[in-house]
file structure-v6.cif (mmCIF, C-alpha atoms)
data_target
#
loop_
_atom_site.label_atom_id
_atom_site.label_comp_id
_atom_site.auth_asym_id
_atom_site.auth_seq_id
_atom_site.Cartn_x
_atom_site.Cartn_y
_atom_site.Cartn_z
CA MET A 1 -12.46 -29.39 -2.47
CA GLN A 2 -10.59 -27.12 -0.08
CA SER A 3 -10.52 -24.40 -2.74
CA ASP A 4 -14.23 -23.80 -2.05
CA GLY A 5 -13.36 -23.06 1.55
CA TYR A 6 -10.53 -20.78 0.48
CA ILE A 7 -12.78 -18.59 -1.66
CA GLY A 8 -15.21 -18.38 1.24
CA SER A 9 -12.36 -17.42 3.57
CA VAL A 10 -11.18 -14.62 1.27
CA ILE A 11 -14.70 -13.23 0.96
CA GLY A 12 -15.14 -13.52 4.72
CA CYS A 13 -11.85 -11.71 5.39
CA ILE A 14 -12.78 -8.90 3.01
CA GLU A 15 -16.17 -8.46 4.66
CA LYS A 16 -14.70 -8.61 8.17
CA ALA A 17 -11.88 -6.20 7.34
CA TRP A 18 -14.28 -3.79 5.65
CA GLU A 19 -16.69 -3.74 8.57
CA ALA A 20 -13.88 -3.30 11.08
CA GLY A 21 -11.88 -0.78 9.06
CA ARG A 22 -14.42 1.21 7.07
CA ASP A 23 -14.02 4.38 9.16
CA THR A 24 -10.23 4.11 9.14
CA ILE A 25 -10.16 3.57 5.38
CA ARG A 26 -12.29 6.66 4.90
CA ALA A 27 -10.01 8.67 7.19
CA VAL A 28 -7.01 7.71 5.06
CA ALA A 29 -9.02 8.41 1.89
CA CYS A 30 -9.68 11.89 3.24
CA GLN A 31 -5.93 12.43 3.67
CA VAL A 32 -5.32 11.24 0.12
CA ALA A 33 -8.02 13.57 -1.24
CA GLU A 34 -6.62 16.52 0.71
CA ALA A 35 -3.09 15.76 -0.48
CA ILE A 36 -4.27 15.77 -4.10
CA GLU A 37 -6.22 18.97 -3.56
CA GLN A 38 -3.15 20.65 -2.04
CA LYS A 39 -0.83 19.22 -4.72
CA LYS A 40 1.01 17.10 -2.17
CA ASN A 41 2.13 13.56 -2.98
CA VAL A 42 0.82 10.06 -2.33
CA PHE A 43 3.07 7.00 -1.97
CA VAL A 44 2.49 3.27 -1.46
CA PHE A 45 5.20 0.86 -0.33
CA GLY A 46 5.62 -2.80 0.49
CA CYS A 47 8.37 -5.41 0.41
CA SER A 48 8.23 -8.56 -1.71
CA HIS A 49 4.61 -9.81 -2.00
CA ALA A 50 3.43 -6.89 0.13
CA GLY A 51 4.64 -4.65 -2.69
CA ILE A 52 1.98 -6.10 -4.99
CA LEU A 53 -0.45 -3.55 -3.54
CA ALA A 54 1.82 -0.73 -4.72
CA GLU A 55 1.67 -2.25 -8.19
CA GLU A 56 -2.09 -2.69 -7.90
CA VAL A 57 -2.93 0.99 -7.51
CA PHE A 58 -0.50 2.83 -9.77
CA TYR A 59 -0.76 3.55 -13.50
CA ARG A 60 -3.88 1.57 -14.16
CA THR A 61 -7.34 2.03 -15.59
CA GLY A 62 -9.72 3.52 -13.05
CA GLY A 63 -6.86 4.44 -10.73
CA LEU A 64 -5.52 7.73 -9.46
CA ALA A 65 -2.61 8.91 -11.56
CA VAL A 66 -0.88 10.56 -8.61
CA ILE A 67 -0.34 7.41 -6.57
CA ASN A 68 3.40 6.78 -6.62
CA PRO A 69 4.79 3.33 -5.87
CA ILE A 70 8.05 3.09 -3.99
CA PHE A 71 9.98 0.31 -5.70
CA PHE A 72 13.39 -0.91 -4.62
CA PRO A 73 15.04 -3.61 -6.78
CA GLY A 74 16.04 -5.70 -3.79
CA PHE A 75 12.42 -5.92 -2.64
CA MET A 76 10.87 -6.84 -5.98
CA LEU A 77 9.75 -10.37 -6.82
CA ASN A 78 12.18 -10.59 -9.77
CA THR A 79 15.12 -10.34 -7.33
CA ARG A 80 17.45 -13.33 -7.53
CA PRO A 81 18.01 -15.10 -5.29
CA ILE A 82 14.50 -14.28 -4.06
CA THR A 83 15.55 -15.08 -0.50
CA MET A 84 17.55 -11.84 -0.56
CA THR A 85 14.30 -9.87 -0.24
CA SER A 86 13.70 -11.38 3.19
CA GLN A 87 17.20 -10.43 4.33
CA LEU A 88 17.19 -6.89 2.94
CA GLU A 89 13.87 -6.11 4.65
CA ARG A 90 15.73 -6.43 7.95
CA VAL A 91 18.56 -4.01 7.12
CA LYS A 92 18.72 -0.72 9.00
CA GLY A 93 19.04 2.44 6.88
CA ILE A 94 17.27 1.28 3.72
CA GLY A 95 13.98 2.81 4.85
CA LYS A 96 15.64 6.19 5.40
CA THR A 97 17.26 6.05 1.97
CA LEU A 98 13.99 5.14 0.26
CA LEU A 99 12.20 8.10 1.83
CA GLU A 100 14.96 10.49 0.79
CA GLN A 101 15.40 9.20 -2.75
CA ASN A 102 11.66 9.10 -3.46
CA ARG A 103 11.21 12.71 -2.34
CA VAL A 104 8.69 11.95 0.40
CA GLY A 105 8.02 15.13 2.34
CA GLU A 106 5.88 16.99 4.84
CA GLY A 107 2.16 16.85 4.12
CA ASP A 108 2.48 13.84 1.83
CA VAL A 109 0.63 10.55 2.38
CA LEU A 110 2.46 7.23 2.75
CA ILE A 111 0.64 3.90 2.87
CA ILE A 112 2.80 0.95 3.91
CA HIS A 113 1.71 -2.66 3.42
CA SER A 114 3.33 -5.31 5.59
CA VAL A 115 1.44 -8.38 6.75
CA SER A 116 3.61 -9.24 9.75
CA GLY A 117 4.66 -5.63 10.36
CA ARG A 118 7.76 -6.81 12.20
CA ASN A 119 10.67 -6.11 9.87
CA THR A 120 13.08 -3.19 10.07
CA VAL A 121 12.45 -1.38 6.79
CA PRO A 122 8.66 -0.81 7.04
CA VAL A 123 8.89 0.22 10.70
CA GLU A 124 11.86 2.49 10.03
CA MET A 125 10.03 4.16 7.15
CA ALA A 126 6.91 4.73 9.24
CA LEU A 127 8.82 6.21 12.17
CA LEU A 128 10.99 8.53 10.09
CA ALA A 129 8.16 9.62 7.81
CA GLY A 130 6.02 10.46 10.82
CA GLU A 131 8.82 12.64 12.19
CA MET A 132 8.90 14.43 8.83
CA GLY A 133 5.23 15.36 9.02
CA VAL A 134 4.06 12.71 6.56
CA HIS A 135 0.63 11.13 7.08
CA VAL A 136 1.57 7.46 7.58
CA SER A 137 -0.94 4.62 7.41
CA CYS A 138 -0.51 0.89 7.09
CA ILE A 139 -2.33 -2.19 5.93
CA THR A 140 -1.27 -5.08 8.15
CA ASN A 141 -2.48 -8.14 10.02
CA VAL A 142 -2.85 -6.98 13.61
CA ALA A 143 -3.38 -10.44 15.13
CA TYR A 144 -0.38 -11.88 13.29
CA SER A 145 1.80 -8.88 14.10
CA SER A 146 0.79 -8.94 17.75
CA ALA A 147 1.97 -12.55 18.00
CA VAL A 148 5.54 -11.84 16.80
CA THR A 149 8.39 -9.67 18.03
CA SER A 150 9.71 -6.65 16.18
CA ARG A 151 12.99 -6.79 14.29
CA HIS A 152 13.36 -3.00 14.51
CA GLU A 153 15.61 -1.57 17.20
CA SER A 154 12.66 0.32 18.73
CA GLY A 155 10.89 -2.93 19.53
CA LYS A 156 7.81 -1.56 17.76
CA ARG A 157 5.76 -3.23 15.07
CA LEU A 158 4.20 -1.37 12.17
CA PHE A 159 0.70 -1.14 13.67
CA GLU A 160 2.22 0.57 16.71
CA VAL A 161 3.89 3.42 14.80
CA CYS A 162 1.31 4.50 12.20
CA GLU A 163 -1.33 7.20 12.38
CA HIS A 164 -3.96 4.92 10.87
CA VAL A 165 -4.00 1.10 10.89
CA ILE A 166 -6.07 -0.94 8.44
CA ASP A 167 -6.34 -4.55 9.60
CA ASN A 168 -6.67 -7.19 6.87
CA CYS A 169 -8.18 -9.55 9.49
CA GLY A 170 -6.21 -12.53 8.22
CA CYS A 171 -4.97 -15.47 10.26
CA LEU A 172 -1.60 -16.03 11.89
CA GLY A 173 0.96 -16.70 9.17
CA ASP A 174 -1.42 -15.50 6.42
CA ALA A 175 -2.10 -18.94 4.87
CA GLU A 176 -5.71 -19.94 5.51
CA VAL A 177 -6.40 -23.49 4.31
CA THR A 178 -5.62 -26.79 6.01
CA ILE A 179 -5.44 -29.87 3.77
CA PRO A 180 -5.61 -33.22 5.57
CA GLY A 181 -2.25 -34.97 5.33
CA LEU A 182 -0.29 -31.74 4.82
CA GLY A 183 1.47 -30.14 7.76
CA GLU A 184 1.67 -26.65 6.29
CA LYS A 185 -1.31 -24.39 5.67
CA ILE A 186 -1.85 -23.09 2.14
CA GLY A 187 -3.76 -20.25 0.50
CA PRO A 188 -2.67 -16.75 1.65
CA THR A 189 -5.39 -14.11 1.84
CA SER A 190 -3.46 -10.87 2.31
CA THR A 191 -3.04 -9.90 -1.35
CA ALA A 192 -6.69 -10.39 -2.32
CA VAL A 193 -7.98 -8.68 0.81
CA GLY A 194 -5.43 -5.87 0.63
CA ALA A 195 -6.26 -5.18 -3.02
CA ALA A 196 -9.95 -4.87 -2.19
CA LEU A 197 -9.29 -2.54 0.74
CA ILE A 198 -6.86 -0.24 -1.03
CA ASN A 199 -9.12 0.06 -4.08
CA ALA A 200 -12.01 0.93 -1.78
CA LEU A 201 -9.78 3.61 -0.28
CA VAL A 202 -9.04 5.05 -3.73
CA ILE A 203 -12.74 5.06 -4.61
CA ASP A 204 -13.57 6.99 -1.44
CA ALA A 205 -10.80 9.51 -2.12
CA VAL A 206 -12.05 10.08 -5.66
CA GLU A 207 -15.63 10.53 -4.46
CA MET A 208 -14.48 13.08 -1.86
CA LEU A 209 -12.70 15.09 -4.54
CA VAL A 210 -15.75 15.06 -6.79
CA GLN A 211 -17.92 16.24 -3.90
CA LYS A 212 -15.56 19.22 -3.53
CA GLY A 213 -15.98 20.07 -7.19
CA ILE A 214 -12.50 18.84 -8.09
CA VAL A 215 -11.96 16.71 -11.17
CA PRO A 216 -9.76 13.85 -9.89
CA PRO A 217 -6.87 12.60 -12.04
CA VAL A 218 -8.33 9.18 -12.87
CA PHE A 219 -6.85 7.16 -15.71
CA MET A 220 -8.91 5.90 -18.63
CA SER A 221 -7.93 2.71 -20.37
CA ALA A 222 -5.46 3.41 -23.14
CA ASN A 223 -7.41 0.82 -25.13
CA LEU A 224 -10.56 2.96 -25.16
CA ASP A 225 -11.01 5.63 -27.81
CA GLY A 226 -9.84 8.92 -26.33
CA GLY A 227 -7.89 7.19 -23.53
CA ASP A 228 -4.45 8.27 -24.67
CA GLU A 229 -5.52 11.91 -24.99
CA HIS A 230 -7.25 11.87 -21.60
CA ASN A 231 -4.24 10.39 -19.84
CA LYS A 232 -1.80 12.73 -21.58
CA LYS A 233 -3.67 15.72 -20.12
CA ILE A 234 -3.43 14.20 -16.64
CA PHE A 235 0.31 13.62 -16.99
CA GLU A 236 0.77 17.25 -17.99
CA GLU A 237 -1.44 18.73 -15.27
CA TYR A 238 0.01 16.61 -12.47
CA LYS A 239 3.59 16.24 -13.68
CA GLN A 240 4.90 17.71 -10.41
CA ASN A 241 3.20 14.93 -8.45
CA ILE A 242 3.94 11.92 -10.68
CA PHE A 243 7.36 10.38 -10.13
CA TYR A 244 7.15 7.13 -12.11
CA MET A 245 7.41 8.62 -15.61
#
call {"tool": "encode", "arguments": {"input": "structure-v6.cif", "output": "structure tokens"}}
result
Amino acid sequence: MQSDGYIGSVIGCIEKAWEAGRDTIRAVACQVAEAIEQKKNVFVFGCSHAGILAEEVFYRTGGLAVINPIFFPGFMLNTRPITMTSQLERVKGIGKTLLEQNRVGEGDVLIIHSVSGRNTVPVEMALLAGEMGVHVSCITNVAYSSAVTSRHESGKRLFEVCEHVIDNCGCLGDAEVTIPGLGEKIGPTSTAVGAALINALVIDAVEMLVQKGIVPPVFMSANLDGGDEHNKKIFEEYKQNIFYM
């Protein structure tokens, strides 16, 4: 079955992306660790399915409590009609508003996930945040993005305007599997690969903090004995850097 090939493709993409991007991931992890040490803020953003990575790394067991997702109702997968997400991602000015309303500022870290990297909002956010002194990184598909034109007025794609670029090493269009008799490819890889890469980044950041003698704000499961008490202490200590409560 083609599903066997799909699993192999996902594993292959993860391994390829890790080998190609290990140093970049660790550079971004270092920025995250330094931001936490300096009581700066960490944000993750993506539109539509790209926003799943923001959901992946916030408020969860084994995750850093100070990672703040940037959620906008028009970009979430419960938006109806869902096609509106694709249109809103192309609208000038939304990126600027999201930065302002989410209190992103100088010295903070912003990680943007966009597979094609061509739409207005992610590029706008990266450009403006960089001008503000924010450390801006992205997770994207460089080959895919290189094959399409930008929809931002600058003509730039996301990988061209970020300080650090993490390539998910996926294929053009993201879907990986060809089924004989079907014209369209099926089986996107970006979510699985992106989740692995961003969790690896968090692990590196946590390890860097520990090596500095800093106790990182890592959540315990609320379903473990002592979890609620542990997490309550983190919320209190880092309340100035947690914006989703």
call {"tool": "closest_residue", "arguments": {"input": "structure-v6.cif", "among": "A:His49, A:Arg60, A:Arg103, A:Lys96", "to": "Leu77 in chain A", "atoms": "only C-alpha atoms"}}
result
A:His49
call {"tool": "residues_around", "arguments": {"input": "structure-v6.cif", "residues": "range 33-39 of chain A", "least_positions_apart": "3", "cutoff": "9 Å", "atoms": "only C-alpha atoms", "output": "list of chain:residue names"}}
result
A:Val28, A:Ala29, A:Cys30, A:Val42, A:Val66, A:Gly107, A:Asp108, A:Val109, A:Val202, A:Asp204, A:Ala205, A:Val206, A:Glu207, A:Met208, A:Leu209, A:Ile214, A:Pro216, A:Pro217, A:Tyr238, A:Gln240, A:Asn241
call {"tool": "closest_residue", "arguments": {"input": "structure-v6.cif", "among": "A:Phe75, A:Tyr244, A:Phe219, A:Tyr6", "to": "Gly62 in chain A", "atoms": "all atoms listed in the file"}}
result
A:Phe219
call {"tool": "atom_distance", "arguments": {"input": "structure-v6.cif", "atom1": "CA of Val44 in chain A", "atom2": "CA of Asp225 in chain A"}}
result
29.7 Å
call {"tool": "residues_near_point", "arguments": {"input": "structure-v6.cif", "point": "(-13.5, -16.4, 4.1)", "cutoff": "12 Å", "atoms": "only C-alpha atoms", "output": "PyMOL selection string"}}
result
chain A and resi 2-17+168-171+175-177+187-190+192-193
call {"tool": "atom_distance", "arguments": {"input": "structure-v6.cif", "atom1": "CA of Ile139 in chain A", "atom2": "CA of Val218 in chain A"}}
result
22.8 Å
call {"tool": "atom_distance", "arguments": {"input": "structure-v6.cif", "atom1": "CA of Arg90 in chain A", "atom2": "CA of Glu106 in chain A"}}
result
25.6 Å
call {"tool": "residues_around", "arguments": {"input": "structure-v6.cif", "residues": "Gly74 in chain A", "least_positions_apart": "3", "cutoff": "7 Å", "atoms": "all atoms listed in the file", "output": "number ranges by chain"}}
result
A: 79, 85, 88
call {"tool": "residues_around", "arguments": {"input": "structure-v6.cif", "residues": "Leu128 in chain A", "least_positions_apart": "6", "cutoff": "9 Å", "atoms": "only C-alpha atoms", "output": "ChimeraX atom specification"}}
result
/A:95-96,99,134
call {"tool": "closest_residue", "arguments": {"input": "structure-v6.cif", "among": "A:Thr97, A:Asn223, A:Thr120, A:Gln211", "to": "Glu153 in chain A", "atoms": "only C-alpha atoms"}}
result
A:Thr120
call {"tool": "resolve_selection", "arguments": {"input": "structure-v6.cif", "expression": "the PyMOL selection byres ((chain A and resi 163) around 8)", "output": "PyMOL selection string"}}
result
chain A and resi 135-137+161-162+164-165
call {"tool": "resolve_selection", "arguments": {"input": "structure-v6.cif", "expression": "the PyMOL selection byres ((chain A and resi 119) around 9)", "output": "list in words"}}
result
Glu89, Arg90, Val91, Ser114, Ser116, Gly117, Arg118, Thr120, Val121, Pro122, Val123, Glu124, Ser150, Arg151, His152, Arg157 and Leu158 of chain A
